[in-house]
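Enquirer: This is data.pdb (PDB, C-alpha atoms).
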```
ATOM      1  CA  MET A 204       0.000   0.000   0.000
ATOM      2  CA  ARG A 205       2.819   2.377   0.876
ATOM      3  CA  ASN A 206       4.461   1.818  -2.544
ATOM      4  CA  PHE A 207       1.139   2.505  -4.262
ATOM      5  CA  ILE A 208       0.731   5.813  -2.397
ATOM      6  CA  CYS A 209       4.301   6.808  -3.306
ATOM      7  CA  LEU A 210       3.673   5.917  -6.956
ATOM      8  CA  LEU A 211       0.411   7.899  -6.934
ATOM      9  CA  PHE A 212       2.170  10.859  -5.299
ATOM     10  CA  ILE A 213       5.012  10.823  -7.884
ATOM     11  CA  THR A 214       2.560  10.460 -10.783
ATOM     12  CA  PHE A 215       0.393  13.343  -9.518
ATOM     13  CA  PHE A 216       3.316  15.749  -9.152
ATOM     14  CA  SER A 217       4.845  14.678 -12.468
ATOM     15  CA  LEU A 218       1.579  15.412 -14.256
ATOM     16  CA  LEU A 219       1.193  18.671 -12.347
ATOM     17  CA  ASN A 220       4.726  19.646 -13.401
ATOM     18  CA  LEU A 221       3.955  18.869 -17.058
ATOM     19  CA  TYR A 222       0.700  20.826 -16.867
ATOM     20  CA  CYS A 223       2.425  23.852 -15.347
ATOM     21  CA  GLN A 224       5.188  23.774 -17.966
ATOM     22  CA  ALA A 225       2.635  23.569 -20.758
ATOM     23  CA  GLN A 226       0.787  26.574 -19.349
ATOM     24  CA  PHE A 227       3.798  28.833 -18.891
ATOM     25  CA  ASP A 228       6.255  27.894 -21.664
ATOM     26  CA  ASP A 229       4.592  30.278 -24.135
ATOM     27  CA  GLU A 230       4.970  33.234 -21.743
ATOM     28  CA  ILE A 231       8.778  33.157 -21.461
ATOM     29  CA  ILE A 232      10.840  35.314 -23.840
ATOM     30  CA  PRO A 233      14.136  33.684 -24.998
ATOM     31  CA  PRO A 234      17.511  34.508 -23.363
ATOM     32  CA  VAL A 235      19.353  37.712 -24.276
ATOM     33  CA  LYS A 236      23.111  38.301 -23.916
ATOM     34  CA  LEU A 237      24.381  41.783 -23.103
ATOM     35  CA  MET A 238      27.847  43.153 -22.441
ATOM     36  CA  GLY A 239      29.590  46.463 -21.999
ATOM     37  CA  PRO A 240      32.014  48.581 -19.973
ATOM     38  CA  ARG A 241      31.654  49.418 -16.295
ATOM     39  CA  LEU A 242      33.310  52.123 -14.251
ATOM     40  CA  GLY A 243      32.847  53.619 -10.847
ATOM     41  CA  PHE A 244      34.273  53.938  -7.354
ATOM     42  CA  THR A 245      34.825  51.679  -4.362
ATOM     43  CA  TYR A 246      35.220  52.720  -0.735
ATOM     44  CA  ILE A 247      36.745  50.212   1.676
ATOM     45  CA  THR A 248      35.817  50.653   5.341
ATOM     46  CA  PRO A 249      38.555  50.519   8.012
ATOM     47  CA  GLY A 250      39.937  47.050   8.651
ATOM     48  CA  GLU A 251      42.686  44.677   7.602
ATOM     49  CA  THR A 252      42.347  45.467   3.877
ATOM     50  CA  VAL A 253      42.701  49.236   4.428
ATOM     51  CA  ASP A 254      45.702  48.620   6.700
ATOM     52  CA  GLN A 255      47.377  46.523   3.989
ATOM     53  CA  LEU A 256      46.641  49.161   1.325
ATOM     54  CA  ALA A 257      48.034  51.914   3.603
ATOM     55  CA  GLU A 258      51.400  50.093   3.701
ATOM     56  CA  TYR A 259      51.659  50.889  -0.029
ATOM     57  CA  ASP A 260      50.211  54.431   0.281
ATOM     58  CA  ILE A 261      46.972  53.366  -1.441
ATOM     59  CA  SER A 262      43.803  55.244  -0.468
ATOM     60  CA  PRO A 263      40.675  53.261   0.520
ATOM     61  CA  ILE A 264      38.779  55.116  -2.226
ATOM     62  CA  LEU A 265      39.505  53.462  -5.576
ATOM     63  CA  THR A 266      38.363  53.958  -9.138
ATOM     64  CA  GLN A 267      37.060  50.869 -10.915
ATOM     65  CA  PHE A 268      37.257  50.015 -14.619
ATOM     66  CA  GLY A 269      35.956  46.818 -16.106
ATOM     67  CA  TRP A 270      33.526  44.806 -18.175
ATOM     68  CA  GLN A 271      30.080  43.351 -17.536
ATOM     69  CA  PHE A 272      28.720  40.142 -19.088
ATOM     70  CA  GLU A 273      24.976  39.693 -18.604
ATOM     71  CA  THR A 274      22.548  37.014 -19.664
ATOM     72  CA  ARG A 275      18.823  37.491 -19.197
ATOM     73  CA  PHE A 276      18.018  33.807 -19.106
ATOM     74  CA  PHE A 277      14.287  34.454 -19.010
ATOM     75  CA  THR A 278      11.910  37.371 -19.342
ATOM     76  CA  LEU A 279       8.247  37.027 -18.481
ATOM     77  CA  GLU A 280       5.520  38.896 -20.347
ATOM     78  CA  SER A 281       5.209  41.128 -17.269
ATOM     79  CA  GLY A 282       8.797  42.300 -17.900
ATOM     80  CA  VAL A 283      10.348  40.516 -14.914
ATOM     81  CA  ALA A 284      13.698  39.008 -15.931
ATOM     82  CA  GLY A 285      16.064  36.495 -14.367
ATOM     83  CA  LEU A 286      19.702  37.539 -14.675
ATOM     84  CA  ILE A 287      23.174  36.080 -14.499
ATOM     85  CA  GLU A 288      25.995  38.626 -14.464
ATOM     86  CA  GLY A 289      29.758  38.456 -14.442
ATOM     87  CA  ILE A 290      31.661  41.639 -13.688
ATOM     88  CA  ILE A 291      35.442  41.866 -13.978
ATOM     89  CA  LEU A 292      37.025  45.023 -12.540
ATOM     90  CA  ILE A 293      40.460  46.556 -12.103
ATOM     91  CA  GLY A 294      40.713  48.981  -9.203
ATOM     92  CA  GLY A 295      43.295  51.513  -8.136
ATOM     93  CA  VAL A 296      44.713  52.450 -11.541
ATOM     94  CA  GLU A 297      44.702  56.148 -10.584
ATOM     95  CA  GLN A 298      47.037  55.209  -7.694
ATOM     96  CA  ASN A 299      49.413  53.251  -9.944
ATOM     97  CA  THR A 300      48.214  49.920  -8.639
ATOM     98  CA  PHE A 301      46.406  46.890 -10.047
ATOM     99  CA  LEU A 302      43.657  45.418  -7.826
ATOM    100  CA  PRO A 303      41.603  42.900  -9.844
ATOM    101  CA  SER A 304      38.234  41.569  -8.751
ATOM    102  CA  GLY A 305      35.517  39.424 -10.210
ATOM    103  CA  THR A 306      31.892  39.025  -9.199
ATOM    104  CA  PHE A 307      29.293  36.503 -10.308
ATOM    105  CA  LEU A 308      25.698  37.561  -9.566
ATOM    106  CA  ILE A 309      22.351  35.854  -9.879
ATOM    107  CA  GLY A 310      19.496  38.327  -9.784
ATOM    108  CA  ILE A 311      16.162  39.612 -10.923
ATOM    109  CA  ARG A 312      15.044  42.813 -12.681
ATOM    110  CA  ASN A 313      11.498  44.144 -12.868
ATOM    111  CA  ALA A 314       9.844  45.830 -15.857
ATOM    112  CA  LYS A 315      10.828  49.300 -14.588
ATOM    113  CA  GLY A 316      14.514  48.344 -14.479
ATOM    114  CA  LEU A 317      14.898  47.942 -10.702
ATOM    115  CA  GLU A 318      17.252  45.051 -10.002
ATOM    116  CA  PHE A 319      18.768  43.020  -7.193
ATOM    117  CA  GLY A 320      21.460  40.341  -7.277
ATOM    118  CA  LEU A 321      23.782  38.365  -5.062
ATOM    119  CA  GLY A 322      26.726  36.034  -5.444
ATOM    120  CA  PRO A 323      30.422  35.448  -4.823
ATOM    121  CA  ASN A 324      33.169  38.037  -5.187
ATOM    122  CA  VAL A 325      36.870  37.247  -5.554
ATOM    123  CA  SER A 326      39.509  39.937  -5.011
ATOM    124  CA  VAL A 327      43.020  40.361  -3.643
ATOM    125  CA  SER A 328      41.523  40.583  -0.142
ATOM    126  CA  GLY A 329      39.871  37.165  -0.509
ATOM    127  CA  VAL A 330      36.525  35.608  -1.311
ATOM    128  CA  ALA A 331      33.333  37.189   0.003
ATOM    129  CA  PHE A 332      29.610  37.451  -0.694
ATOM    130  CA  ALA A 333      28.387  40.393  -2.795
ATOM    131  CA  LEU A 334      24.980  42.071  -2.720
ATOM    132  CA  ALA A 335      24.023  44.510  -5.470
ATOM    133  CA  ALA A 336      20.989  46.659  -6.230
ATOM    134  CA  GLY A 337      20.280  49.295  -8.799
ATOM    135  CA  VAL A 338      18.377  50.401 -11.824
ATOM    136  CA  THR A 339      18.889  49.920 -15.541
ATOM    137  CA  LEU A 340      17.726  52.801 -17.707
ATOM    138  CA  LYS A 341      17.080  52.110 -21.376
ATOM    139  CA  SER A 342      17.457  54.373 -24.400
ATOM    140  CA  SER A 343      16.838  52.838 -27.822
ATOM    141  CA  ASN A 344      18.750  49.534 -27.761
ATOM    142  CA  ILE A 345      21.322  50.631 -25.185
ATOM    143  CA  ASN A 346      21.002  49.893 -21.446
ATOM    144  CA  PHE A 347      22.560  52.130 -18.800
ATOM    145  CA  PRO A 348      22.960  50.195 -15.514
ATOM    146  CA  ILE A 349      23.610  52.096 -12.277
ATOM    147  CA  ASN A 350      24.330  49.870  -9.286
ATOM    148  CA  ILE A 351      25.411  49.958  -5.673
ATOM    149  CA  ALA A 352      27.262  46.878  -4.425
ATOM    150  CA  VAL A 353      28.172  45.851  -0.888
ATOM    151  CA  VAL A 354      30.775  43.186  -0.165
ATOM    152  CA  PRO A 355      30.884  42.548   3.591
ATOM    153  CA  SER A 356      34.051  40.918   4.907
ATOM    154  CA  ASP A 357      35.844  40.571   8.223
ATOM    155  CA  LYS A 358      38.744  42.425   6.531
ATOM    156  CA  GLY A 359      36.597  45.486   5.748
ATOM    157  CA  VAL A 360      33.351  46.203   3.916
ATOM    158  CA  ARG A 361      33.638  47.322   0.278
ATOM    159  CA  LEU A 362      30.990  49.736  -0.992
ATOM    160  CA  SER A 363      30.897  50.358  -4.742
ATOM    161  CA  LEU A 364      28.984  52.623  -7.092
ATOM    162  CA  LEU A 365      29.221  51.339 -10.668
ATOM    163  CA  PHE A 366      27.711  52.544 -13.921
ATOM    164  CA  GLY A 367      28.172  51.911 -17.603
ATOM    165  CA  PHE A 368      26.292  50.776 -20.668
ATOM    166  CA  ASN A 369      25.635  47.528 -22.457
ATOM    167  CA  ALA A 370      24.072  46.335 -25.675
ATOM    168  CA  ARG A 371      22.558  43.152 -26.981
ATOM    169  CA  GLN A 372      25.056  40.649 -28.397
ATOM    170  CA  ASN A 373      22.731  38.105 -30.097
TER     171      ASN A 373
END
```
Now, as a test, write the supplied structure out as structure tokens.

Expert:
Amino acid sequence: MRNFICLLFITFFSLLNLYCQAQFDDEIIPPVKLMGPRLGFTYITPGETVDQLAEYDISPILTQFGWQFETRFFTLESGVAGLIEGIILIGGVEQNTFLPSGTFLIGIRNAKGLEFGLGPNVSVSGVAFALAAGVTLKSSNINFPINIAVVPSDKGVRLSLLFGFNARQN
């Protein structure tokens, strides 16, 4: 009897899953790939990272230059989109230094362009978790993202303001 109930349970949810997919498959817009430059500023709060930078006369306020790779892996008819982003940055160039970082974000954007994402960040100060929020403004076929990112760490919190533009690649 127990096996029969398990089989019935599995069959019910399998059919429910197929029904739901059939209902919603037509409402999803195909993936879109976007990429473009990013620039901005990062402030590092007092802590071990700032102490290490101070040994080399590097200020805790850094410029950032880099590149953003974005894939909207789904967009609903309502305009809500699921996002995957990779952002590679070089910080501190104005201070004659090279501080690379990379962030991988998984996020969501609504129809008005408001967005939120989170994921891992790798930099010279280590690996940490990044949180980002912002807005993407659109003009013709060009997007203009403006984001604030927070990377909390026991070595010091990094606060970044990044902006740029990107365009469709496919």

Enquirer: Expand the PyMOL selection byres ((chain A and resi 323) around 6) into the explicit residue set it covers here, and present it as an NGL selection string.

Expert: :A and (306-307 or 322 or 324 or 331-333)

Enquirer: Dig up all the protein and nucleic acid residues within 9 Å of (21.1, 35.0, -21.9) in the file frame, using all atoms listed in the file, and format them as a PyMOL selection string.

Expert: chain A and resi 233-237+273-277+286-287+373

Enquirer: Generate a file of the selected residues that holds C-alpha atoms, formatted as a short mmCIF file (atom, residue, chain, number, x, y, z; two decimals), keeping the file's coordinate frame.

Expert:
```cif
data_model
loop_
_atom_site.label_atom_id
_atom_site.label_comp_id
_atom_site.auth_asym_id
_atom_site.auth_seq_id
_atom_site.Cartn_x
_atom_site.Cartn_y
_atom_site.Cartn_z
CA PRO A 233 14.14 33.68 -25.00
CA PRO A 234 17.51 34.51 -23.36
CA VAL A 235 19.35 37.71 -24.28
CA LYS A 236 23.11 38.30 -23.92
CA LEU A 237 24.38 41.78 -23.10
CA GLU A 273 24.98 39.69 -18.60
CA THR A 274 22.55 37.01 -19.66
CA ARG A 275 18.82 37.49 -19.20
CA PHE A 276 18.02 33.81 -19.11
CA PHE A 277 14.29 34.45 -19.01
CA LEU A 286 19.70 37.54 -14.68
CA ILE A 287 23.17 36.08 -14.50
CA ASN A 373 22.73 38.10 -30.10
#
```

Enquirer: Which one is closest to Asn350 in chain A: A:Gly239, A:Pro303, A:Gly310, A:Gly367? Count all atoms listed in the file.

Expert: A:Gly367

Enquirer: Pick the closest to Val360 in chain A from A:Gly243, A:Pro263, A:Gly282, A:Gly295: which is it, counting all atoms listed in the file?

Expert: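 The closest residue to Val360 in chain A is A:Pro263.
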
Enquirer: Quote the spacing between CA of Pro240 in chain A and CA of Thr300 in chain A in Å to one decimal place.

Expert: 19.8 Å

Enquirer: So how many Å separate CA of Val253 in chain A and CA of Leu302 in chain A, to one decimal?

Expert: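 Distance reported for this atom pair: 12.9 Å.
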
Enquirer: If you measure from CA of Leu317 in chain A to CA of Val330 in chain A, what distance in Å do you get, rounded to one decimal?

Expert: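 It comes out at 26.6 Å.
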
Enquirer: For each of A:Ala314, A:Ala370, A:Ile349, A:Val327, take the minimum atom-to-atom distance to Glu280 in chain A, counting all atoms listed in the file, then give the residue where this is smallest.

Expert: A:Ala314

Enquirer: How big is the axis-aligned box around all listed atoms of range 286-304 of chain A once 3 Å goes on each side, and where's its centre, in Å to one decimal, as AutoDock Vina command-line options?

Expert:
```
--center_x 34.6 --center_y 46.1 --center_z -11.2 --size_x 35.7 --size_y 26.1 --size_z 13.0
```

Enquirer: Measuring between only C-alpha atoms, which one of A:Val296, A:Ile231, A:Thr252, A:Leu265 shows the shortest distance to Leu279 in chain A?

Expert: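 For Leu279 in chain A, the nearest of the given residues is A:Ile231.
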
Enquirer: So, with only C-alpha atoms as the atoms that count, which of A:Val283, A:Ile247, A:Leu242, A:Ile290 lies closest to Ala335 in chain A?

Expert: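 Selected residue with least distance to Ala335 in chain A: A:Ile290.
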
Enquirer: Residues at most 9 Å from Phe319 in chain A, counting all atoms listed in the file, excluding those fewer than 5 positions away in the same chain, as a VMD selection string?

Expert: chain A and resid 309 to 312 334 to 338

Enquirer: Ranking A:Leu308, A:Ile232, A:Val354, A:Val325 by minimum distance to Gln271 in chain A and counting only C-alpha atoms, which one comes first?

Expert: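 Nearest candidate to Gln271 in chain A out of A:Leu308, A:Ile232, A:Val354, A:Val325: A:Leu308.
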
Enquirer: Mind listing whatever residues come within 12 Å of the point (30.0, 56.8, -4.4)? Use only C-alpha atoms, file coordinates, and give them as a PyMOL selection string.

Expert: chain A and resi 242-247+264-267+349-353+361-366

Enquirer: Put those residues in a file: C-alpha atoms, as an mmCIF file, keeping the file's coordinate frame.

Expert:
```cif
data_model
loop_
_atom_site.group_PDB
_atom_site.id
_atom_site.type_symbol
_atom_site.label_atom_id
_atom_site.label_comp_id
_atom_site.auth_asym_id
_atom_site.auth_seq_id
_atom_site.Cartn_x
_atom_site.Cartn_y
_atom_site.Cartn_z
ATOM 1 C CA LEU A 242 33.310 52.123 -14.251
ATOM 2 C CA GLY A 243 32.847 53.619 -10.847
ATOM 3 C CA PHE A 244 34.273 53.938 -7.354
ATOM 4 C CA THR A 245 34.825 51.679 -4.362
ATOM 5 C CA TYR A 246 35.220 52.720 -0.735
ATOM 6 C CA ILE A 247 36.745 50.212 1.676
ATOM 7 C CA ILE A 264 38.779 55.116 -2.226
ATOM 8 C CA LEU A 265 39.505 53.462 -5.576
ATOM 9 C CA THR A 266 38.363 53.958 -9.138
ATOM 10 C CA GLN A 267 37.060 50.869 -10.915
ATOM 11 C CA ILE A 349 23.610 52.096 -12.277
ATOM 12 C CA ASN A 350 24.330 49.870 -9.286
ATOM 13 C CA ILE A 351 25.411 49.958 -5.673
ATOM 14 C CA ALA A 352 27.262 46.878 -4.425
ATOM 15 C CA VAL A 353 28.172 45.851 -0.888
ATOM 16 C CA ARG A 361 33.638 47.322 0.278
ATOM 17 C CA LEU A 362 30.990 49.736 -0.992
ATOM 18 C CA SER A 363 30.897 50.358 -4.742
ATOM 19 C CA LEU A 364 28.984 52.623 -7.092
ATOM 20 C CA LEU A 365 29.221 51.339 -10.668
ATOM 21 C CA PHE A 366 27.711 52.544 -13.921
#
```

Enquirer: Counting only C-alpha atoms, what is within 8 Å of Leu292 in chain A, bar same-chain residues fewer than 6 positions away, as a VMD selection string?

Expert: chain A and resid 241 267 to 270 303 to 305
